[in-house]
>>> print(open('data_29.json').read())   # JSON, C-alpha atoms
[["chain", "number", "residue", "atom", "x", "y", "z"],
["N", 1444, "VAL", "CA", -16.24, 0.19, 14.42],
["N", 1445, "ASN", "CA", -17.17, 3.59, 15.86],
["N", 1446, "MET", "CA", -14.25, 5.75, 14.72],
["N", 1447, "ALA", "CA", -14.84, 8.48, 17.31],
["N", 1448, "GLU", "CA", -14.39, 5.96, 20.12],
["N", 1449, "VAL", "CA", -11.25, 4.55, 18.52],
["N", 1450, "ALA", "CA", -9.75, 7.99, 17.86],
["N", 1451, "GLN", "CA", -10.52, 9.29, 21.35],
["N", 1452, "ALA", "CA", -8.94, 6.23, 23.00],
["N", 1453, "ALA", "CA", -5.81, 6.48, 20.84],
["N", 1454, "VAL", "CA", -5.48, 10.21, 21.55],
["N", 1455, "ARG", "CA", -5.87, 9.69, 25.32],
["N", 1456, "LEU", "CA", -3.08, 7.11, 25.19],
["N", 1457, "ALA", "CA", -0.76, 9.39, 23.19],
["N", 1458, "ASP", "CA", -1.54, 12.31, 25.50],
["N", 1459, "THR", "CA", -0.35, 10.33, 28.53],
["N", 1460, "HIS", "CA", 2.69, 8.82, 26.79],
["N", 1461, "PRO", "CA", 6.07, 9.55, 28.44],
["N", 1462, "ASP", "CA", 7.36, 11.03, 25.13],
["N", 1463, "ARG", "CA", 4.85, 13.92, 25.34],
["N", 1464, "LYS", "CA", 6.70, 17.03, 26.42],
["N", 1465, "SER", "CA", 4.89, 19.11, 29.06],
["N", 1466, "GLY", "CA", 4.39, 22.02, 26.65],
["N", 1467, "VAL", "CA", 2.53, 19.92, 24.06],
["N", 1468, "SER", "CA", -1.27, 20.03, 24.00],
["N", 1469, "VAL", "CA", -3.21, 17.21, 22.37],
["N", 1470, "SER", "CA", -6.84, 17.56, 21.33],
["N", 1471, "CYS", "CA", -9.40, 15.36, 19.59],
["N", 1472, "VAL", "CA", -12.34, 16.84, 17.70],
["N", 1473, "VAL", "CA", -15.13, 14.45, 16.70],
["N", 1474, "PRO", "CA", -18.51, 15.19, 15.12],
["N", 1475, "THR", "CA", -21.81, 14.60, 16.86],
["N", 1476, "GLU", "CA", -22.82, 12.06, 14.22],
["N", 1477, "THR", "CA", -21.49, 8.54, 14.70],
["N", 1478, "LEU", "CA", -19.06, 7.49, 11.98],
["N", 1479, "PHE", "CA", -18.69, 3.76, 11.43],
["N", 1480, "VAL", "CA", -16.15, 1.87, 9.34],
["N", 1481, "GLU", "CA", -15.85, -1.85, 8.80],
["N", 1482, "GLY", "CA", -12.68, -3.13, 10.35],
["N", 1483, "ASP", "CA", -10.59, -4.37, 13.21],
["N", 1484, "GLU", "CA", -10.86, -2.00, 16.18],
["N", 1485, "ASP", "CA", -7.48, -2.95, 17.66],
["N", 1486, "LEU", "CA", -5.62, -2.52, 14.37],
["N", 1487, "LEU", "CA", -7.25, 0.86, 13.71],
["N", 1488, "HIS", "CA", -6.48, 1.96, 17.28],
["N", 1489, "ARG", "CA", -2.81, 1.04, 16.85],
["N", 1490, "ALA", "CA", -2.60, 2.91, 13.54],
["N", 1491, "ILE", "CA", -4.20, 6.09, 14.93],
["N", 1492, "PHE", "CA", -2.12, 5.91, 18.11],
["N", 1493, "ASN", "CA", 1.08, 5.55, 16.07],
["N", 1494, "ILE", "CA", 0.33, 8.57, 13.87],
["N", 1495, "THR", "CA", -0.69, 10.61, 16.91],
["N", 1496, "LEU", "CA", 2.38, 9.63, 18.92],
["N", 1497, "ASN", "CA", 4.62, 10.61, 15.98],
["N", 1498, "ALA", "CA", 2.90, 14.01, 15.94],
["N", 1499, "VAL", "CA", 3.32, 14.37, 19.72],
["N", 1500, "GLN", "CA", 7.02, 13.60, 19.36],
["N", 1501, "ALA", "CA", 7.41, 16.08, 16.47],
["N", 1502, "ALA", "CA", 5.44, 18.98, 18.00],
["N", 1503, "LEU", "CA", 7.28, 22.00, 19.33],
["N", 1504, "ALA", "CA", 8.47, 21.38, 22.91],
["N", 1505, "THR", "CA", 7.24, 24.63, 24.46],
["N", 1506, "SER", "CA", 4.12, 25.46, 22.46],
["N", 1507, "GLY", "CA", 3.34, 22.21, 20.72],
["N", 1508, "ARG", "CA", -0.09, 21.43, 19.36],
["N", 1509, "VAL", "CA", -1.41, 18.15, 18.07],
["N", 1510, "THR", "CA", -4.94, 18.04, 16.75],
["N", 1511, "VAL", "CA", -6.80, 14.91, 15.74],
["N", 1512, "GLU", "CA", -9.97, 15.65, 13.77],
["N", 1513, "LEU", "CA", -12.58, 13.20, 12.59],
["N", 1514, "SER", "CA", -15.13, 14.08, 9.91],
["N", 1515, "ARG", "CA", -17.31, 12.65, 7.17],
["N", 1516, "LEU", "CA", -16.58, 13.44, 3.54],
["N", 1517, "ASN", "CA", -19.41, 13.34, 1.02],
["N", 1518, "PRO", "CA", -18.59, 11.63, -2.31],
["N", 1519, "GLU", "CA", -17.88, 15.00, -4.00],
["N", 1520, "GLN", "CA", -15.31, 15.85, -1.25],
["N", 1521, "ILE", "CA", -13.31, 12.65, -1.71],
["N", 1522, "PRO", "CA", -10.04, 13.25, -3.59],
["N", 1523, "THR", "CA", -9.84, 12.18, -7.22],
["N", 1524, "GLY", "CA", -8.42, 8.69, -7.52],
["N", 1525, "VAL", "CA", -9.91, 7.41, -4.26],
["N", 1526, "PRO", "CA", -12.44, 4.80, -5.43],
["N", 1527, "PHE", "CA", -15.03, 5.15, -2.66],
["N", 1528, "GLU", "CA", -18.60, 5.03, -3.93],
["N", 1529, "VAL", "CA", -20.08, 6.24, -0.65],
["N", 1530, "SER", "CA", -19.01, 8.80, 1.89],
["N", 1531, "ALA", "CA", -15.67, 8.49, 3.62],
["N", 1532, "VAL", "CA", -14.46, 8.89, 7.17],
["N", 1533, "ALA", "CA", -11.52, 11.28, 7.30],
["N", 1534, "LEU", "CA", -9.12, 11.33, 10.23],
["N", 1535, "ARG", "CA", -6.57, 14.15, 10.21],
["N", 1536, "VAL", "CA", -3.63, 14.29, 12.62],
["N", 1537, "SER", "CA", -1.81, 17.64, 12.56],
["N", 1538, "ASP", "CA", 1.18, 18.96, 14.48],
["N", 1539, "ASN", "CA", 3.04, 22.27, 14.56],
["N", 1540, "GLY", "CA", 6.50, 20.73, 14.47],
["N", 1541, "PRO", "CA", 9.29, 21.57, 12.02],
["N", 1542, "GLY", "CA", 7.85, 19.38, 9.26],
["N", 1543, "ILE", "CA", 9.43, 16.55, 7.34],
["N", 1544, "PRO", "CA", 12.30, 17.60, 5.06],
["N", 1545, "ILE", "CA", 11.46, 17.30, 1.36],
["N", 1546, "GLU", "CA", 14.23, 14.76, 0.76],
["N", 1547, "LEU", "CA", 12.78, 12.41, 3.40],
["N", 1548, "ARG", "CA", 9.07, 12.58, 2.53],
["N", 1549, "GLU", "CA", 9.14, 9.75, 0.00],
["N", 1550, "LYS", "CA", 10.77, 7.45, 2.57],
["N", 1551, "VAL", "CA", 8.45, 7.80, 5.58],
["N", 1552, "PHE", "CA", 6.42, 4.70, 4.67],
["N", 1553, "ASP", "CA", 9.52, 2.59, 3.87],
["N", 1554, "PRO", "CA", 10.19, -0.21, 6.38],
["N", 1555, "PHE", "CA", 13.18, 0.42, 8.67],
["N", 1556, "PHE", "CA", 13.57, 4.07, 7.65],
["N", 1557, "THR", "CA", 13.79, 6.28, 10.73],
["N", 1558, "THR", "CA", 15.24, 9.57, 11.87],
["N", 1559, "LYS", "CA", 14.60, 8.83, 15.56],
["N", 1560, "THR", "CA", 17.35, 7.62, 17.85],
["N", 1561, "GLY", "CA", 16.29, 4.14, 18.90],
["N", 1562, "GLY", "CA", 13.43, 4.07, 16.38],
["N", 1563, "THR", "CA", 12.69, 0.93, 14.39],
["N", 1564, "GLY", "CA", 11.30, 2.57, 11.28],
["N", 1565, "LEU", "CA", 8.26, 0.29, 11.39],
["N", 1566, "GLY", "CA", 5.59, 2.64, 12.76],
["N", 1567, "LEU", "CA", 4.41, 4.38, 9.59],
["N", 1568, "PRO", "CA", 4.85, 1.33, 7.33],
["N", 1569, "ILE", "CA", 2.60, -0.61, 9.74],
["N", 1570, "VAL", "CA", 0.10, 2.28, 9.72],
["N", 1571, "HIS", "CA", 0.11, 2.31, 5.92],
["N", 1572, "ARG", "CA", -0.49, -1.45, 5.68],
["N", 1573, "ALA", "CA", -3.19, -1.41, 8.37],
["N", 1574, "ILE", "CA", -5.12, 1.34, 6.59],
["N", 1575, "GLU", "CA", -4.72, -0.37, 3.22],
["N", 1576, "ALA", "CA", -6.06, -3.59, 4.79],
["N", 1577, "HIS", "CA", -9.21, -1.58, 5.62],
["N", 1578, "ARG", "CA", -9.49, -0.43, 1.97],
["N", 1579, "GLY", "CA", -8.30, 3.01, 3.03],
["N", 1580, "PHE", "CA", -5.67, 5.54, 2.10],
["N", 1581, "VAL", "CA", -3.04, 7.57, 3.98],
["N", 1582, "PHE", "CA", -1.90, 10.98, 2.75],
["N", 1583, "MET", "CA", 0.79, 13.27, 4.14],
["N", 1584, "ASP", "CA", 1.24, 17.04, 3.83],
["N", 1585, "SER", "CA", 4.26, 18.69, 5.40],
["N", 1586, "SER", "CA", 5.81, 22.13, 5.55],
["N", 1587, "PRO", "CA", 8.20, 23.91, 7.93],
["N", 1588, "LYS", "CA", 5.09, 24.84, 9.97],
["N", 1589, "GLY", "CA", 4.02, 21.26, 10.65],
["N", 1590, "THR", "CA", 2.80, 17.97, 9.26],
["N", 1591, "ARG", "CA", -0.65, 16.53, 8.66],
["N", 1592, "PHE", "CA", -1.48, 12.90, 8.03],
["N", 1593, "THR", "CA", -4.93, 12.20, 6.60],
["N", 1594, "VAL", "CA", -6.49, 8.75, 6.75],
["N", 1595, "LEU", "CA", -9.51, 8.05, 4.53],
["N", 1596, "LEU", "CA", -11.68, 5.00, 5.15],
["N", 1597, "PRO", "CA", -14.95, 3.99, 3.48],
["N", 1598, "GLN", "CA", -17.89, 4.77, 5.76],
["N", 1599, "VAL", "CA", -20.54, 2.19, 6.58],
["N", 1600, "GLN", "CA", -23.98, 3.29, 7.69],
["N", 1601, "GLN", "CA", -24.31, 1.36, 10.93],
["N", 1602, "ARG", "CA", -22.62, -1.07, 13.25],
["N", 1603, "ILE", "CA", -23.08, -4.74, 12.32],
["N", 1604, "PRO", "CA", -24.47, -6.63, 15.35],
["N", 1605, "ALA", "CA", -21.99, -9.14, 16.79],
["N", 1606, "GLU", "CA", -24.35, -12.11, 16.30],
["N", 1607, "ILE", "CA", -24.44, -11.40, 12.55],
["N", 1608, "GLU", "CA", -20.66, -11.07, 12.28],
["N", 1609, "ALA", "CA", -20.01, -14.59, 13.54]]
>>> encode(input="data_29.json", output="structure tokens")
Amino acid sequence: VNMAEVAQAAVRLADTHPDRKSGVSVSCVVPTETLFVEGDEDLLHRAIFNITLNAVQAALATSGRVTVELSRLNPEQIPTGVPFEVSAVALRVSDNGPGIPIELREKVFDPFFTTKTGGTGLGLPIVHRAIEAHRGFVFMDSSPKGTRFTVLLPQVQQRIPAEIEA
């Protein structure tokens, strides 16, 4: 799966979502090199869309910024404890919203936990499971100046032709 294509499609969808306030800008930064991961394109799209939509909803209403960045991490850049033997694809989704309160941070991946009126509390737990199913990891950093979710997935060198996959 070409992660730039998946990320750009998910960001376009979040940018046109009715929940995006008019003052929120959404951008997607991808490298010139093609970054492939092994996985289900639809499931990865849904996960990236969900994280991006959450950021769009959390961003400041009048001067909101959501940035989705895709990059490759060399083995020495991969955090300790992440057992990737090759390079990783890193997807970072950042917003400039108010951040997630400290007392709620441990709960964001719990099923049915939500702070949104009408929310189901299933978005981030589904994201977490989808990324784990792709042998990846999801990290969260939050402060009163915004939140950043980082998804790490093992990189593969090239796309596997469809006739070989079957």
>>> atom_distance(input="data_29.json", atom1="atom CA of N:Thr1477", atom2="atom CA of N:Ala1490")
19.7 Å
>>> atom_distance(input="data_29.json", atom1="atom CA of N:Pro1522", atom2="atom CA of N:Pro1474")
20.6 Å
>>> closest_residue(input="data_29.json", among="N:Val1581, N:Val1449, N:Val1525, N:Val1594", to="N:Glu1484", atoms="only C-alpha atoms")
N:Val1449
>>> atom_distance(input="data_29.json", atom1="atom CA of N:Asp1462", atom2="atom CA of N:Ser1506")
15.0 Å
>>> residues_around(input="data_29.json", residues="N:Gly1579", least_positions_apart="5", cutoff="7 Å", atoms="all atoms listed in the file", output="list in words")
Ile1574, Leu1595, Leu1596 and Pro1597 of chain N
>>> write_last_selection(input="data_29.json", atoms="C-alpha atoms", output="PDB file, in the coordinates of the input")
ATOM      1  CA  ILE N1574      -5.120   1.340   6.590  1.00  0.00           C
ATOM      2  CA  LEU N1595      -9.510   8.050   4.530  1.00  0.00           C
ATOM      3  CA  LEU N1596     -11.680   5.000   5.150  1.00  0.00           C
ATOM      4  CA  PRO N1597     -14.950   3.990   3.480  1.00  0.00           C
TER       5      PRO N1597
END
>>> residues_around(input="data_29.json", residues="N:Val1469", least_positions_apart="3", cutoff="12 Å", atoms="all atoms listed in the file", output="PyMOL selection string")
chain N and resi 1451+1453-1460+1463-1466+1472+1495-1496+1498-1500+1502-1503+1506-1512+1536-1539
>>> residues_around(input="data_29.json", residues="N:Gly1564", least_positions_apart="4", cutoff="6 Å", atoms="all atoms listed in the file", output="list in words")
Pro1554, Phe1555, Phe1556 and Thr1557 of chain N
>>> write_last_selection(input="data_29.json", atoms="C-alpha atoms", output="mmCIF file, keeping the file's coordinate frame")
data_model
loop_
_atom_site.group_PDB
_atom_site.id
_atom_site.type_symbol
_atom_site.label_atom_id
_atom_site.label_comp_id
_atom_site.auth_asym_id
_atom_site.auth_seq_id
_atom_site.Cartn_x
_atom_site.Cartn_y
_atom_site.Cartn_z
ATOM 1 C CA PRO N 1554 10.190 -0.210 6.380
ATOM 2 C CA PHE N 1555 13.180 0.420 8.670
ATOM 3 C CA PHE N 1556 13.570 4.070 7.650
ATOM 4 C CA THR N 1557 13.790 6.280 10.730
#
>>> closest_residue(input="data_29.json", among="N:Met1583, N:Val1529, N:Leu1516, N:Leu1565", to="N:Ile1545", atoms="all atoms listed in the file")
N:Met1583
>>> closest_residue(input="data_29.json", among="N:Leu1513, N:Arg1578, N:Ala1452, N:Val1551", to="N:Gly1566", atoms="only C-alpha atoms")
N:Val1551
>>> residues_near_point(input="data_29.json", point="(-21.0, 1.4, 10.3)", cutoff="10 Å", atoms="all atoms listed in the file", output="number ranges by chain")
N: 1444-1446, 1477-1482, 1597-1603
>>> closest_residue(input="data_29.json", among="N:Gly1540, N:Pro1518, N:Gly1561, N:Pro1461", to="N:Lys1588", atoms="all atoms listed in the file")
N:Gly1540
